[in-house]
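To be precise, the following lines are entry-v6.txt, and they hold compact mmCIF, C-alpha atoms.
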# COMPACT_ATOMS: atom_id res chain seq x y z
CA MET A 1 8.65 43.30 15.94
CA ASN A 2 9.61 42.73 12.33
CA ASP A 3 11.36 39.46 12.97
CA HIS A 4 8.25 37.28 12.61
CA VAL A 5 8.34 33.55 13.30
CA HIS A 6 5.68 32.29 10.86
CA GLU A 7 7.86 29.46 9.55
CA LEU A 8 8.39 28.06 13.04
CA LEU A 9 4.78 28.18 14.22
CA SER A 10 3.74 24.75 12.96
CA ALA A 11 6.74 23.02 14.48
CA PHE A 12 6.12 24.98 17.69
CA ILE A 13 2.56 23.62 17.91
CA ASP A 14 3.86 20.12 17.24
CA GLY A 15 6.54 20.36 19.92
CA GLU A 16 9.22 19.74 17.30
CA LEU A 17 11.49 22.74 18.01
CA ASN A 18 14.68 22.72 20.03
CA GLU A 19 14.78 24.69 23.27
CA GLU A 20 16.35 27.79 21.73
CA GLU A 21 13.80 27.97 18.88
CA ARG A 22 10.92 27.24 21.22
CA LYS A 23 11.92 30.13 23.48
CA LYS A 24 12.34 32.42 20.49
CA VAL A 25 8.80 31.68 19.29
CA ALA A 26 7.27 31.93 22.76
CA ASP A 27 8.91 35.30 23.41
CA HIS A 28 7.93 36.63 20.02
CA VAL A 29 4.32 35.46 20.18
CA ALA A 30 3.91 37.07 23.59
CA GLU A 31 4.49 40.45 21.98
CA CYS A 32 3.44 40.08 18.32
CA ARG A 33 -0.28 40.12 17.74
CA GLN A 34 -0.03 38.94 14.13
CA CYS A 35 2.00 35.83 14.96
CA SER A 36 -0.09 35.19 18.05
CA THR A 37 -3.29 35.18 15.96
CA GLU A 38 -1.72 32.88 13.39
CA LEU A 39 -0.57 30.53 16.13
CA LYS A 40 -4.11 30.34 17.53
CA GLU A 41 -5.54 29.69 14.07
CA LEU A 42 -3.04 26.95 13.31
CA GLN A 43 -3.69 25.35 16.69
CA TRP A 44 -7.44 25.53 16.08
CA LEU A 45 -7.02 24.04 12.61
CA LYS A 46 -4.91 21.16 13.91
CA GLU A 47 -7.51 20.27 16.54
CA GLU A 48 -10.43 20.56 14.11
CA LEU A 49 -8.63 18.47 11.50
CA PHE A 50 -8.13 15.73 14.07
CA ALA A 51 -11.78 15.96 15.15
CA ALA A 52 -13.07 16.02 11.56
CA TYR A 53 -11.45 12.69 10.74
CA HIS A 54 -11.81 11.00 14.09
CA SER A 55 -15.56 11.54 14.04
CA ILE A 56 -15.83 9.44 10.89
CA GLU A 57 -17.40 6.09 11.47
CA ILE A 58 -14.88 3.38 10.73
CA PRO A 59 -15.88 0.23 8.81
CA ASN A 60 -17.71 -2.41 10.86
CA VAL A 61 -16.74 -6.03 11.50
CA GLN A 62 -17.74 -6.98 7.95
CA PHE A 63 -14.51 -5.29 6.90
CA GLU A 64 -12.34 -7.97 8.53
CA HIS A 65 -14.46 -10.72 6.93
CA SER A 66 -14.05 -9.15 3.50
CA VAL A 67 -10.28 -8.88 3.92
CA VAL A 68 -10.02 -12.52 5.03
CA GLN A 69 -12.26 -13.64 2.13
CA LYS A 70 -10.11 -11.76 -0.37
CA ILE A 71 -6.96 -13.30 1.05
CA LYS A 72 -8.53 -16.77 0.82
CA GLN A 73 -9.57 -16.17 -2.79
CA ILE A 74 -6.13 -14.99 -3.78
CA SER A 75 -4.04 -17.48 -1.87
CA SER A 76 -6.18 -20.62 -1.95
CA PRO A 77 -4.08 -22.49 -4.56
CA TYR A 78 -0.84 -21.45 -2.86
CA ARG A 79 -2.01 -21.22 0.73
CA PRO A 80 0.98 -21.76 2.98
CA MET A 81 0.52 -25.26 4.39
CA ASN A 82 1.17 -25.95 8.00
CA ARG A 83 4.56 -27.67 8.40
CA TYR A 84 3.08 -30.74 10.12
CA VAL A 85 0.32 -31.09 7.52
CA ARG A 86 2.94 -30.88 4.76
CA TRP A 87 5.07 -33.62 6.32
CA THR A 88 2.04 -35.84 6.92
CA VAL A 89 0.81 -35.44 3.32
CA SER A 90 4.29 -36.21 1.95
CA PHE A 91 4.60 -39.31 4.14
CA ILE A 92 1.17 -40.64 3.10
CA ALA A 93 2.01 -40.02 -0.57
CA LEU A 94 5.27 -41.97 -0.19
CA LEU A 95 3.49 -44.87 1.52
CA MET A 96 0.88 -45.00 -1.23
CA ALA A 97 3.56 -44.96 -3.94
CA ALA A 98 5.43 -47.82 -2.23
CA PHE A 99 2.22 -49.82 -1.87
CA ILE A 100 1.29 -49.35 -5.55
CA LEU A 101 4.79 -50.40 -6.66
CA LEU A 102 4.61 -53.55 -4.56
CA LYS A 103 1.11 -54.49 -5.68
CA MET A 104 1.70 -53.67 -9.32
CA GLY A 105 5.16 -55.27 -9.46
CA ASN A 106 4.37 -57.36 -12.59
CA VAL A 107 2.75 -54.50 -14.44
CA PHE A 108 5.71 -52.34 -13.59
CA TYR A 109 8.14 -54.95 -15.00
CA VAL A 110 6.13 -55.23 -18.25
CA GLY A 111 6.03 -51.44 -18.47
CA ILE A 112 9.82 -51.18 -18.17
CA THR A 113 10.31 -53.88 -20.86
CA LEU A 114 7.91 -52.05 -23.21
CA ALA A 115 9.64 -48.73 -22.62
CA THR A 116 13.06 -50.30 -23.35
CA SER A 117 11.72 -51.72 -26.63
CA PHE A 118 10.40 -48.30 -27.63
CA VAL A 119 13.78 -46.73 -26.89
CA HIS A 120 15.44 -49.39 -29.09
CA ILE A 121 13.00 -48.74 -31.94
CA GLY A 122 13.59 -44.98 -31.59
CA LEU A 123 17.37 -45.46 -31.79
CA SER A 124 17.09 -47.63 -34.92
CA VAL A 125 14.82 -45.04 -36.63
CA THR A 126 17.31 -42.28 -35.78
CA HIS A 127 20.15 -44.33 -37.27
CA ALA A 128 18.11 -44.95 -40.44
CA LEU A 129 17.24 -41.24 -40.77
CA ALA A 130 20.87 -40.25 -40.25
CA SER A 131 22.03 -42.53 -43.06
CA VAL A 132 19.27 -41.24 -45.40
CA LEU A 133 20.20 -37.62 -44.62
CA SER A 134 23.91 -38.23 -45.18
CA SER A 135 23.19 -39.74 -48.59
CA ILE A 136 21.18 -36.62 -49.65
CA PRO A 137 23.14 -33.57 -48.36
CA LEU A 138 20.85 -31.02 -50.04
CA LEU A 139 17.81 -32.29 -48.12
CA PHE A 140 19.63 -31.72 -44.82
CA LEU A 141 20.57 -28.17 -45.88
CA ALA A 142 16.96 -27.44 -46.88
CA CYS A 143 15.75 -28.64 -43.48
CA VAL A 144 18.22 -26.37 -41.70
CA ILE A 145 17.16 -23.31 -43.75
CA ILE A 146 13.44 -23.96 -43.21
CA SER A 147 14.05 -24.37 -39.45
CA MET A 148 15.95 -21.09 -39.35
CA VAL A 149 13.11 -19.29 -41.17
CA ILE A 150 10.47 -20.71 -38.78
CA LEU A 151 12.60 -19.80 -35.76
CA GLY A 152 13.13 -16.23 -37.02
CA THR A 153 9.41 -15.75 -37.70
CA SER A 154 8.52 -17.02 -34.22
CA ILE A 155 10.95 -14.64 -32.49
CA TRP A 156 9.60 -11.71 -34.49
CA ALA A 157 5.99 -12.70 -33.66
CA ILE A 158 6.77 -12.94 -29.93
CA GLN A 159 8.45 -9.52 -29.94
CA PHE A 160 5.48 -8.03 -31.78
CA LEU A 161 2.99 -9.52 -29.31
CA LEU A 162 4.96 -8.27 -26.32
CA ARG A 163 5.11 -4.78 -27.80
CA VAL A 164 1.36 -4.70 -28.35
CA LYS A 165 0.76 -5.91 -24.76
CA SER A 166 2.95 -3.23 -23.21
CA LEU A 167 1.21 -0.51 -25.22
CA GLU A 168 -2.13 -1.66 -23.82
CA MET B 1 1.61 -4.51 23.67
CA ASP B 2 4.65 -4.77 21.36
CA GLN B 3 5.05 -8.43 22.25
CA GLU B 4 1.41 -9.02 21.37
CA LEU B 5 1.92 -7.28 18.03
CA THR B 6 4.96 -9.34 17.09
CA ASN B 7 3.17 -12.52 18.14
CA LEU B 8 0.24 -11.69 15.88
CA ILE B 9 2.54 -10.82 12.99
CA GLN B 10 4.50 -14.05 13.35
CA LYS B 11 1.31 -16.10 13.46
CA ALA B 12 -0.08 -14.25 10.44
CA ARG B 13 3.17 -14.81 8.58
CA SER B 14 2.82 -18.58 9.03
CA GLY B 15 -0.68 -18.41 7.53
CA ASP B 16 -2.85 -17.87 10.62
CA LEU B 17 -5.74 -15.83 9.20
CA GLU B 18 -7.38 -15.42 12.59
CA ALA B 19 -4.28 -13.65 13.90
CA PHE B 20 -4.21 -11.47 10.80
CA SER B 21 -7.89 -10.66 11.26
CA THR B 22 -7.05 -9.40 14.78
CA LEU B 23 -4.39 -7.17 13.25
CA VAL B 24 -6.96 -5.86 10.77
CA SER B 25 -9.41 -5.03 13.59
CA LYS B 26 -6.64 -3.24 15.46
CA TYR B 27 -5.49 -1.02 12.61
CA LYS B 28 -8.51 -0.71 10.31
CA GLY B 29 -9.53 2.64 11.81
CA GLN B 30 -6.12 4.15 11.31
CA VAL B 31 -5.74 2.77 7.80
CA PHE B 32 -9.26 3.75 6.77
CA ARG B 33 -8.95 7.31 8.13
CA HIS B 34 -5.65 7.81 6.36
CA ALA B 35 -7.09 6.60 3.03
CA PHE B 36 -10.22 8.70 3.53
CA SER B 37 -8.22 11.84 4.25
CA ILE B 38 -6.42 11.40 0.94
CA VAL B 39 -9.22 10.23 -1.40
CA ASN B 40 -12.24 11.77 0.39
CA ASP B 41 -14.59 9.00 -0.64
CA ARG B 42 -15.89 6.52 1.92
CA MET B 43 -16.37 3.58 -0.44
CA GLU B 44 -13.05 4.12 -2.16
CA ALA B 45 -11.26 4.53 1.16
CA GLU B 46 -12.75 1.24 2.35
CA ASP B 47 -11.65 -0.53 -0.84
CA ILE B 48 -8.17 0.93 -0.49
CA ALA B 49 -7.97 -0.13 3.15
CA GLN B 50 -8.97 -3.68 2.23
CA GLU B 51 -6.49 -3.76 -0.62
CA ALA B 52 -3.77 -2.51 1.72
CA PHE B 53 -4.42 -5.29 4.23
CA VAL B 54 -4.50 -7.96 1.52
CA LYS B 55 -1.23 -6.62 0.14
CA ALA B 56 0.27 -6.49 3.62
CA TYR B 57 -0.68 -10.12 4.25
CA SER B 58 0.92 -11.34 1.05
CA SER B 59 4.10 -9.32 1.67
CA LEU B 60 4.48 -10.04 5.38
CA SER B 61 7.58 -12.08 4.61
CA LYS B 62 9.23 -8.90 3.29
CA LEU B 63 8.73 -7.04 6.57
CA ASP B 64 12.17 -7.10 8.21
CA ASN B 65 11.30 -5.47 11.50
CA ASP B 66 7.99 -6.47 13.08
CA PHE B 67 7.98 -3.34 15.25
CA ALA B 68 7.84 -1.23 12.08
CA PHE B 69 4.60 -2.94 11.03
CA VAL B 70 2.38 0.14 11.46
CA SER B 71 4.60 2.52 9.52
CA TRP B 72 5.10 -0.16 6.85
CA LEU B 73 1.32 -0.59 6.60
CA THR B 74 0.85 3.19 6.39
CA ARG B 75 3.36 3.30 3.54
CA ILE B 76 1.38 0.62 1.69
CA VAL B 77 -1.89 2.56 2.11
CA THR B 78 -0.27 5.82 1.02
CA ASN B 79 1.11 4.19 -2.12
CA ILE B 80 -2.25 2.67 -3.03
CA CYS B 81 -3.95 6.04 -2.49
CA TYR B 82 -1.44 7.71 -4.80
CA ASP B 83 -2.03 5.06 -7.45
CA LYS B 84 -5.79 5.58 -7.21
CA LEU B 85 -5.41 9.34 -7.46
CA LYS B 86 -3.27 8.94 -10.55
CA LYS B 87 -5.94 6.78 -12.13
CA ARG B 88 -8.73 9.17 -11.31
CA LYS B 89 -9.87 10.93 -14.44
CA LYS B 90 -12.03 13.49 -12.80
CA ILE B 91 -11.02 15.55 -9.83
CA GLN B 92 -13.75 16.76 -7.57
CA LYS B 93 -14.30 20.44 -8.01
CA LEU B 94 -15.75 21.79 -4.85
CA GLN B 95 -15.92 25.50 -4.49
CA LEU B 96 -15.58 26.78 -1.01
CA GLN B 97 -16.83 30.21 -0.44
CA SER B 98 -14.61 32.64 1.29
CA LYS B 99 -15.75 32.69 4.87
CA ASP B 100 -15.26 35.16 7.59
CA ARG B 101 -12.71 34.03 10.11
CA ALA B 102 -14.70 35.15 13.13
CA GLU B 103 -17.70 33.23 11.89
CA HIS B 104 -15.61 30.08 11.66
CA MET B 105 -13.93 30.49 14.99
CA SER B 106 -17.29 30.88 16.68
CA MET B 107 -18.70 27.93 14.74
CA THR B 108 -16.60 25.49 16.71
CA SER B 109 -18.92 25.82 19.66
CA SER B 110 -22.13 25.96 17.64
CA ILE B 111 -24.41 23.25 16.33
CA ASP B 112 -22.79 23.54 12.89
CA ARG B 113 -19.88 21.32 13.80
CA THR B 114 -20.96 18.72 11.27
CA GLN B 115 -20.91 21.35 8.56
CA LEU B 116 -17.47 22.47 9.68
CA LYS B 117 -16.15 18.92 9.53
CA LEU B 118 -17.45 18.56 5.99
CA GLU B 119 -15.84 21.84 5.02
CA ILE B 120 -12.53 20.75 6.48
CA GLN B 121 -12.74 17.47 4.57
CA GLU B 122 -13.57 19.33 1.37
CA ALA B 123 -10.81 21.87 1.93
CA MET B 124 -8.38 18.98 2.39
CA GLN B 125 -9.21 17.86 -1.14
CA LYS B 126 -7.99 21.19 -2.49
CA LEU B 127 -4.50 20.42 -1.24
CA SER B 128 -1.96 18.38 -3.17
CA PRO B 129 -1.79 14.63 -2.39
CA ASP B 130 1.57 15.19 -0.69
CA GLN B 131 0.09 17.86 1.57
CA ARG B 132 -2.94 15.71 2.42
CA THR B 133 -0.71 12.75 3.23
CA ILE B 134 1.56 14.70 5.53
CA LEU B 135 -1.33 16.36 7.38
CA SER B 136 -3.01 13.01 7.80
CA LEU B 137 0.15 11.46 9.21
CA ARG B 138 0.83 14.36 11.57
CA ASP B 139 -2.56 15.74 12.63
CA ILE B 140 -4.85 12.75 12.20
CA GLN B 141 -2.53 9.83 12.98
CA GLY B 142 -0.22 11.76 15.30
CA TYR B 143 3.19 10.61 14.03
CA SER B 144 6.29 12.59 14.97
CA TYR B 145 8.32 14.45 12.34
CA ASP B 146 11.05 11.84 12.63
CA GLU B 147 8.62 8.95 12.07
CA ILE B 148 7.08 10.71 9.06
CA SER B 149 10.52 11.38 7.62
CA LYS B 150 11.34 7.65 7.75
CA MET B 151 7.90 6.61 6.55
CA LEU B 152 7.94 8.81 3.46
CA SER B 153 11.72 8.64 2.96
CA ILE B 154 12.10 12.41 2.91
CA PRO B 155 14.48 14.66 4.92
CA LEU B 156 13.33 16.00 8.29
CA GLY B 157 13.58 19.57 6.99
CA THR B 158 11.19 18.72 4.16
CA VAL B 159 8.72 17.22 6.64
CA LYS B 160 8.84 20.43 8.68
CA SER B 161 8.35 22.77 5.73
CA ARG B 162 5.73 20.57 4.06
CA ILE B 163 3.62 20.37 7.21
CA HIS B 164 3.74 24.12 7.61
CA SER B 165 2.91 24.89 3.98
CA ALA B 166 0.10 22.31 4.05
CA ARG B 167 -1.44 23.93 7.14
CA ILE B 168 -1.17 27.38 5.59
CA ALA B 169 -2.79 26.08 2.39
CA LEU B 170 -5.60 24.45 4.37
CA LYS B 171 -6.13 27.61 6.38
CA LYS B 172 -6.38 29.57 3.14
CA GLU B 173 -9.00 27.17 1.82
CA ILE B 174 -11.09 27.48 4.95
CA PHE B 175 -10.73 31.13 5.85
CA GLY B 176 -10.11 32.52 2.40
CA GLY B 177 -6.86 33.83 0.93
CA GLU B 178 -7.13 37.40 2.08
CA HIS B 179 -6.51 36.49 5.71
CA ASN B 180 -3.13 34.98 5.19
CA GLU B 181 -0.96 37.75 3.95
What is this structure when it is put down as structure tokens?
Amino acid sequence: MNDHVHELLSAFIDGELNEEERKKVADHVAECRQCSTELKELQWLKEELFAAYHSIEIPNVQFEHSVVQKIKQISSPYRPMNRYVRWTVSFIALLMAAFILLKMGNVFYVGITLATSFVHIGLSVTHALASVLSSIPLLFLACVIISMVILGTSIWAIQFLLRVKSLE
Amino acid sequence: MDQELTNLIQKARSGDLEAFSTLVSKYKGQVFRHAFSIVNDRMEAEDIAQEAFVKAYSSLSKLDNDFAFVSWLTRIVTNICYDKLKKRKKIQKLQLQSKDRAEHMSMTSSIDRTQLKLEIQEAMQKLSPDQRTILSLRDIQGYSYDEISKMLSIPLGTVKSRIHSARIALKKEIFGGEHNE
């Protein structure tokens, strides 16, 4: 009986061998004391391992509450809204916007006029600046160089910060 | 049963926390035991179990097959346990004395069962995390080799050999090395 079946014993206990292997182990164990003892020990160990962990008291009902609380804490700003609630909220918001526009019609008109004037002023200032810049070409060049330097420094600073963060 | 599970998952996915709480009640024992068998600390296992459920809730949309919920959840718990173990600075050093096999075998029917359970739990901690995980999945949770293979993404042959080597290692820890050669 030198052809021991140690390697197959665990799978034998677990019922994970094919018919041929199962028969081989069963026949061998019937005659080999060493493998038979090991089989018994492994079987005993499997049962005791199950018992050792199934006797542990599992967390009480407070566990579910804690999980739900944690989920609420994490997802409160982004909590998935019920579809109907979402539609209702959107509809009410639209109604309110329409109402405000109707009621504040005059104010709205004045606001638009003011905004148009500001856009006009902005355009005139841009035109003026463009003509000043074209008359002094060196000033424009200086501005471009300074911008490039600031941009380069910023990129370097961001890279440096990111590197420090990843090291942490 | 399966229909009930998919219903609960679908409700939970649309934000129904009550349905998710039912899922937690259903699987907390399994999840907690699995975490405990790997980290061997009640408080830590409870934290891990909670973290696993929170993570599961926020990733429910990524679960393609609702019937695979339990194995997916087990994978989440296993991964969290591994992360915790990696972060652990100190590893518990529990010395188990070499015990006589006969003494142990007879202990199963004696009043020292509690002691035996503690020794088994301590001996489990001497195994590698991979060995603990596979023994938990097979002997404590009762998954088949095929299910474990899919759950851990390892070949069936590896599952078979890892389970056997883990049991041999555990046996060595409990009975002492001299009995195994």
Check the smallest atom-to-atom distance from each of A:Leu114, A:Cys35, A:Ile13, A:Leu49 to chain B using only C-alpha atoms, then report the winner.
->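 Ranked by minimum distance to chain B, first place goes to A:Leu49.
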Dump as a PyMOL selection string the residues of chain B that approach chain A to within 8 Å, counting all atoms listed in the file.
-> chain B and resi 14-15+17+21+24-25+28-29+32-33+37+46+50-51+53-54+57+117-118+120-121+139-140+145+160-161+163-164+167-168+171
Two-atom distance - CA of Ser165 (chain B), CA of Asp112 (chain B) (Å) |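 For CA of Ser165 (chain B) relative to CA of Asp112 (chain B), the distance reads 27.2 Å.
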Pick out the closest residue to Lys62 (chain B) from this set: B:Ile9, B:Gln125, B:Ile174, B:Asp146. Count only C-alpha atoms.
->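 Under the stated criterion, the closest residue is B:Ile9.
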Residue nearest Lys150 (chain B) - candidates B:Arg13, B:Arg75, B:Arg88, B:Arg138, atoms counted: all atoms listed in the file =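 For Lys150 (chain B), the nearest of the candidates is B:Arg75.
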Selected residue, from B:Glu4, B:Asp130, B:Glu119, B:Asp41, that lies nearest to Leu23 (chain B) when counting all atoms listed in the file =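 For Leu23 (chain B), the nearest of the candidates is B:Glu4.
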If you measure from CA of His34 (chain B) to CA of Lys11 (chain B), what distance in Å do you get, rounded to one decimal?
->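 Atom-to-atom, CA of His34 (chain B) to CA of Lys11 (chain B), that is 25.9 Å.
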Find the residues around Leu137 (chain B) up to 9 Å (all atoms listed in the file counted), leave out those fewer than 4 positions away in its own chain, and share them as a VMD selection string.
-> chain B and resid 34 74 132 to 133 141 to 144 148
Measuring atom to atom with all atoms listed in the file, identify which of B:Ala49, B:Ala35, B:Leu127, B:Ala56 is nearest to Ala12 (chain B).
->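 Of B:Ala49, B:Ala35, B:Leu127, B:Ala56, the one nearest Ala12 (chain B) is B:Ala56, counting all atoms listed in the file.
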Go ahead and compute the interatomic distance for CA of Thr22 (chain B) and CA of Trp87 (chain A), in Å to one decimal.
->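 CA of Trp87 (chain A) lies at a distance of 28.4 Å from CA of Thr22 (chain B).
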